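Enquirer: Can you keep this structure in mind? I'll have questions shortly.
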Amino acid sequence: MSDTDQTAAPAAAAQVDPRLILAEGGVRGYLREFWRRVRGGELGSIPVVVGLIVIWAIFQSLNSGFLSPSYLTELSINIVATGMLALGIVFVLLLGEIDLSIGSVSSACAAIVAVANQTWGLSEGLSILLAVAAGLAMGLIHGFFFAKIGVPAFIVTLAGLLGWLGVSLWVLGKTGSYNLTNSNGLIDLLTNTYFEELFWGYLVAIVVAVVYFVISLRGSLARRRAGIPARSVTEVIIRSAVLAVVLLAVAVVFNQARGLPLAPLIFLAFILIAGFVLNHTSYGRKVFAVGGSIEAARRAGINVAAVRISVFAISGTMAAIGGVFYASVNRGVTQSGTGQQILMYAIAAAVIGGTSLFGGRGSAFSALLGVLVIQSIAAGMNLLGITNYAQYMVTGIVLLAAVVIDSVSRRSQKASGRA
Amino acid sequence: MLALRGISKRFGAVQALADVDLEVHAGEVVALVGDNGAGKSTLVKTIAGVETIDSGVIEWQGRPVSIGKPHDATNLGIATVYQDLALADNLDVVGNLFLGREIRRFGLLDEVEMERRSRELLDTLSIKIPSVRIPVASLSGGQRQTVAISRSLLGDPKVVILDEPTAALGVEQTAQVLDLVERLRDERGLGVILISHNMADVGAVADKVAVLRLGRNNGTFGMRDTTQEQIISAITGASDNAVTRRAARQTGPEGEK
């Protein structure tokens, strides 16, 4: 019997490279694996979550109103417009490209919503559709010039930045500003709807956590059936429980103010859809492949030009949706459009959230995390009455820090052979 | 299996290939050697469908076929692994293996099935890789090369063309790749065309060596009864003079007895 054991063991061990550090089981092995990843530069969302906690702690210590339910509710609504732009830019960054036009596109589309509704007399729903279609068309134009003509994305979208800004002023015309104050209209409802009954928040939190649990468990069991490494059931339960606790905490906060707001819910839905597309469809795989190696993608039969055009189309569409939310939050549109800083905020948010500027690495959730950081800083400094110039400086420093983390983690990934 | 007869290809004033013959049988490794500019790459490109031939016949399992685009070659069962790997560094091993031909279920990526098949494939080839879920950037050069070769096998090809698979690899890694080439031949019965500059590699795995010189055949040697010196002189043309050409005319165009 000992004979068979001895012969079987080396055969099994031979499959594994002896230089590899084998993953240990249990909590200890999990922690060790975690630490190895951190050292290898696979930081994931850790820096941004830590950063967010630090930022919240600082502002809370300076002004106890910061973490109040009503202020957090306001924050959750204010992140949506920028967040939508950031989500679009994540797709572009995954290709290793940049889209500088999204600020102007969102301004132009906000203008289109207002003018279509107020001057042309279209219904609010149709106005929104028209604006989103316009954003899509603008994105397609950028994509066409980039992918088919070969103009660098930086230049194409810089031209877009100027051109669409002009379009937005032209659309607004002499009137210059429009109010969207129809308080039962669709546009207003987007950011002014609250599910006031307490159970809505808890229901959504529980449903999301349960759905997450079921999907993870099914995935884990399917992997086990196929004989490939899988998350243990305990781990799935712990993860789902943590998610449930976080979501319930958010629900409690919302319920102490005005109830569950609709706008962040829509944003979350967009993020889930984008994350799903990126991770579970061949389209998402193509985006990552083109971001990793254009030549490899082309040799694998991927239509690189189509992927590029589609990504800029997504970016334009998300910018338009962001513009609609901006118009909704501000209950109108002025000549300053969605503001100068929304472009930088959106790009900064995506990068701060952990999407690499170098292409090929990132996630839809980085838009949520990053925009929370950016808007928390803005909101906190507004609350403290800090002037504009300091806000810009602080945001600039945060962006720089995020890019430094990105570059350094990329370097340590190279050093530990994981770039 | 695959036979090229009288292939010619011209780029403007340059006759890149002139009347070239090449044959590969199942379960045979044919090394294609020649100096820089001898036409090796061009020949491979014509087989892979990247370039079309000007004249000559490509026969596949005894039937003449036309290969006009890369897709035609893939459909016939010819897989090409290029020198510059063509792997996406940020994707994991599974992602790279199935890039462009993902397995889908209800329109979504079936990661479980892809991972299972990846492990199966790598196991049957005895390829050792730390995990199929790490980005290929973290693999060594030899491991990356084996992934690139395995990737070409997913389409179930009958002939595999390897363009300088051991260039830029270390001693150990070169041995790994050569082991893999032998397994392709012995266990899977594939025909392998191996392009290489490295005579040691050629000597180690090739059954037959086809030499190209200045776009023409300059001899096909059986590996058993040939010395490296003979091959090298065929590559460099040291034996290419009036005397040997006269001798070649008398013994036949192959230059082989």
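In the structure tokens, each chain is lettered A, B, ... as it comes, each chain's residues begin at 1, and ligands are numbered from 1 in order of appearance.
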Among region 163-254 of chain B, which residues does DSSP mark as alpha helix (DSSP H) when it is run on the backbone? Keep the chain and numbering as in the structure and answer as a ChimeraX atom specification.
Expert: /B:171-186,199-205,228-236,242-251
Enquirer: Excluding Glu23 (chain B) and residues on its chain fewer than 4 positions from it, collect all residues at most 7 Å away from it, counting only C-alpha atoms, and give them as a list in words.
Expert: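 The residues satisfying every condition are Leu2, Ala3 and Leu4 of chain B.
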Enquirer: Smallest atom-to-atom distance to Ala249 (chain A): which of A:Val311, A:Val90, A:Leu158, A:Ile206, using only C-alpha atoms?
Expert: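 Nearest to Ala249 (chain A): A:Ile206.
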Enquirer: What are the residues of chain B lining chain A at 6 Å or less? Count only C-alpha atoms, and put the answer as a PyMOL selection string.
Expert: chain B and resi 86-90+100+108-109+112+137-138
Enquirer: Please determine, counting only C-alpha atoms, which residue among A:Val115, A:Leu369, A:Met318, A:Leu180 has the shortest atom-to-atom distance to Ile46 (chain A).
Expert: A:Leu369
Enquirer: Counting only C-alpha atoms, what is within 8 Å of region 67-84 of chain B, bar same-chain residues fewer than 6 positions away, as a VMD selection string?
Expert: chain B and resid 46 to 52 60 148 to 149 152 to 153 155 to 165 167
Enquirer: So the first atom is CA of Arg119 (chain B) and the second is CA of Gly141 (chain B); what is the distance between them in Å, to one decimal place?
Expert: 19.5 Å
Enquirer: Looking at B:Gln15, B:Leu91, B:Val29, B:Leu212, which one is nearest to Arg185 (chain B), with distances taken over only C-alpha atoms?
Expert: B:Val29
Enquirer: Run DSSP on the backbone and grab whatever in region 5-243 of chain B lands in strand (DSSP E or B); send it over as a count of residues only.
Expert: 67
Enquirer: Leaving out Arg224 (chain B) and any residue of its chain fewer than 4 positions from it, which residues lie within 10 Å of it when counting only C-alpha atoms, given as a list in words?
Expert: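 Counting only C-alpha atoms, the residues come to Gly203, Ala206, Asp207 and Lys208 of chain B.
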Enquirer: Write out the residues from the selection above, keeping N, CA and C atoms, as a PDB file, in the first residue's frame.
Expert:
ATOM      1  N   GLY B 203      18.567  19.628 -35.748  1.00  0.00           N
ATOM      2  CA  GLY B 203      19.112  18.282 -35.596  1.00  0.00           C
ATOM      3  C   GLY B 203      18.340  17.484 -34.560  1.00  0.00           C
ATOM      4  N   ALA B 206      14.012  17.421 -36.194  1.00  0.00           N
ATOM      5  CA  ALA B 206      13.541  17.322 -37.571  1.00  0.00           C
ATOM      6  C   ALA B 206      13.776  15.929 -38.149  1.00  0.00           C
ATOM      7  N   ASP B 207      12.850  15.497 -39.003  1.00  0.00           N
ATOM      8  CA  ASP B 207      13.040  14.255 -39.747  1.00  0.00           C
ATOM      9  C   ASP B 207      13.672  14.551 -41.101  1.00  0.00           C
ATOM     10  N   LYS B 208      13.378  15.753 -41.575  1.00  0.00           N
ATOM     11  CA  LYS B 208      13.772  16.122 -42.924  1.00  0.00           C
ATOM     12  C   LYS B 208      14.129  17.595 -42.888  1.00  0.00           C
TER      13      LYS B 208
END
Enquirer: Looking at B:Asp54, B:Glu187, B:Glu120, B:Glu111, which one is nearest to Arg133 (chain B), with distances taken over only C-alpha atoms?
Expert: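 Selected residue with least distance to Arg133 (chain B): B:Glu111.
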Enquirer: Quick one: residues within 9 Å of Leu247 (chain A), only C-alpha atoms counted, chain neighbours fewer than 6 positions away excluded, as number ranges by chain?
Expert: A: 201-202, 204-206, 208-209
Enquirer: Which polymer residues have any atom within 9 Å of an atom of Arg308 (chain A), counting only C-alpha atoms, with same-chain residues fewer than 2 positions away left out, as number ranges by chain?
Expert: A: 92, 95, 143-144, 146-147, 287, 290, 303-306, 310-313
Enquirer: Go ahead and save the picked residues with N, CA and C atoms, as a short mmCIF file (atom, residue, chain, number, x, y, z; two decimals), in the first residue's frame.
Expert:
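See result23.cif below for the written result:
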data_model
loop_
_atom_site.label_atom_id
_atom_site.label_comp_id
_atom_site.auth_asym_id
_atom_site.auth_seq_id
_atom_site.Cartn_x
_atom_site.Cartn_y
_atom_site.Cartn_z
N VAL A 92 -13.20 53.26 -23.05
CA VAL A 92 -12.16 53.85 -23.90
C VAL A 92 -10.78 53.60 -23.29
N LEU A 95 -9.14 50.30 -23.91
CA LEU A 95 -8.41 50.16 -25.17
C LEU A 95 -7.07 50.88 -25.11
N GLY A 143 -15.25 57.63 -33.39
CA GLY A 143 -14.76 56.28 -33.65
C GLY A 143 -14.37 56.09 -35.10
N PHE A 144 -15.19 56.66 -35.99
CA PHE A 144 -14.91 56.51 -37.42
C PHE A 144 -13.57 57.15 -37.77
N PHE A 146 -11.12 57.87 -35.84
CA PHE A 146 -10.02 57.20 -35.17
C PHE A 146 -9.72 55.85 -35.83
N ALA A 147 -10.74 55.03 -35.98
CA ALA A 147 -10.50 53.64 -36.40
C ALA A 147 -10.31 53.52 -37.91
N VAL A 287 -12.81 43.71 -26.22
CA VAL A 287 -12.33 45.02 -25.75
C VAL A 287 -11.02 44.83 -24.98
N VAL A 290 -8.14 43.84 -27.44
CA VAL A 290 -7.61 44.95 -28.23
C VAL A 290 -6.78 45.87 -27.32
N ASN A 303 -12.35 42.03 -35.28
CA ASN A 303 -12.45 43.23 -36.10
C ASN A 303 -12.10 44.43 -35.23
N VAL A 304 -10.81 44.80 -35.27
CA VAL A 304 -10.32 45.84 -34.35
C VAL A 304 -11.03 47.17 -34.59
N ALA A 305 -11.22 47.52 -35.85
CA ALA A 305 -11.87 48.80 -36.15
C ALA A 305 -13.28 48.83 -35.56
N ALA A 306 -14.01 47.74 -35.68
CA ALA A 306 -15.39 47.70 -35.15
C ALA A 306 -15.38 47.88 -33.64
N SER A 310 -17.12 50.99 -31.72
CA SER A 310 -18.17 50.71 -30.75
C SER A 310 -17.83 51.32 -29.40
N VAL A 311 -16.56 51.28 -29.03
CA VAL A 311 -16.16 51.81 -27.72
C VAL A 311 -16.38 53.33 -27.67
N PHE A 312 -16.04 54.02 -28.74
CA PHE A 312 -16.28 55.47 -28.75
C PHE A 312 -17.78 55.76 -28.80
N ALA A 313 -18.54 54.87 -29.46
CA ALA A 313 -19.99 55.04 -29.47
C ALA A 313 -20.55 54.90 -28.05
#
Enquirer: Leaving out Leu125 (chain B) and any residue of its chain fewer than 3 positions from it, which residues lie within 8 Å of it when counting only C-alpha atoms, given as an MDAnalysis selection string?
Expert: chainID B and resid 121:122 180 183
Enquirer: Please produce a file of the residues just selected, as a short mmCIF file (atom, residue, chain, number, x, y, z; two decimals), in the first residue's frame, where the atoms kept are all heavy atoms.
Expert:
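Saved file part_7.cif follows:
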data_model
loop_
_atom_site.label_atom_id
_atom_site.label_comp_id
_atom_site.auth_asym_id
_atom_site.auth_seq_id
_atom_site.Cartn_x
_atom_site.Cartn_y
_atom_site.Cartn_z
N LEU B 121 -6.36 20.30 -22.53
CA LEU B 121 -5.42 20.46 -23.63
C LEU B 121 -3.98 20.54 -23.11
O LEU B 121 -3.09 19.85 -23.59
CB LEU B 121 -5.76 21.72 -24.42
CG LEU B 121 -4.80 22.08 -25.57
CD1 LEU B 121 -4.93 21.07 -26.69
CD2 LEU B 121 -5.07 23.48 -26.09
N LEU B 122 -3.77 21.40 -22.10
CA LEU B 122 -2.42 21.57 -21.58
C LEU B 122 -1.93 20.29 -20.93
O LEU B 122 -0.75 19.95 -21.04
CB LEU B 122 -2.38 22.73 -20.58
CG LEU B 122 -2.73 24.10 -21.17
CD1 LEU B 122 -2.70 25.18 -20.10
CD2 LEU B 122 -1.80 24.47 -22.31
N LEU B 180 7.62 19.66 -26.90
CA LEU B 180 6.25 19.84 -27.38
C LEU B 180 6.15 19.52 -28.87
O LEU B 180 5.21 18.86 -29.32
CB LEU B 180 5.80 21.28 -27.10
CG LEU B 180 4.42 21.66 -27.58
CD1 LEU B 180 3.37 20.73 -27.01
CD2 LEU B 180 4.09 23.10 -27.18
N ARG B 183 5.99 15.91 -29.30
CA ARG B 183 4.68 15.35 -28.92
C ARG B 183 3.64 15.60 -30.01
O ARG B 183 2.78 14.76 -30.26
CB ARG B 183 4.22 15.93 -27.58
CG ARG B 183 4.86 15.24 -26.39
CD ARG B 183 4.13 15.54 -25.13
NE ARG B 183 4.28 16.94 -24.76
CZ ARG B 183 5.30 17.42 -24.05
NH1 ARG B 183 6.26 16.60 -23.64
NH2 ARG B 183 5.38 18.69 -23.77
#
Enquirer: Which residue gives the smallest distance to Val167 (chain A) among A:Pro69, A:Gly354, A:Gly337, A:Gly362, with only C-alpha atoms counted?
Expert: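 Result for the nearest residue to Val167 (chain A): A:Gly337.
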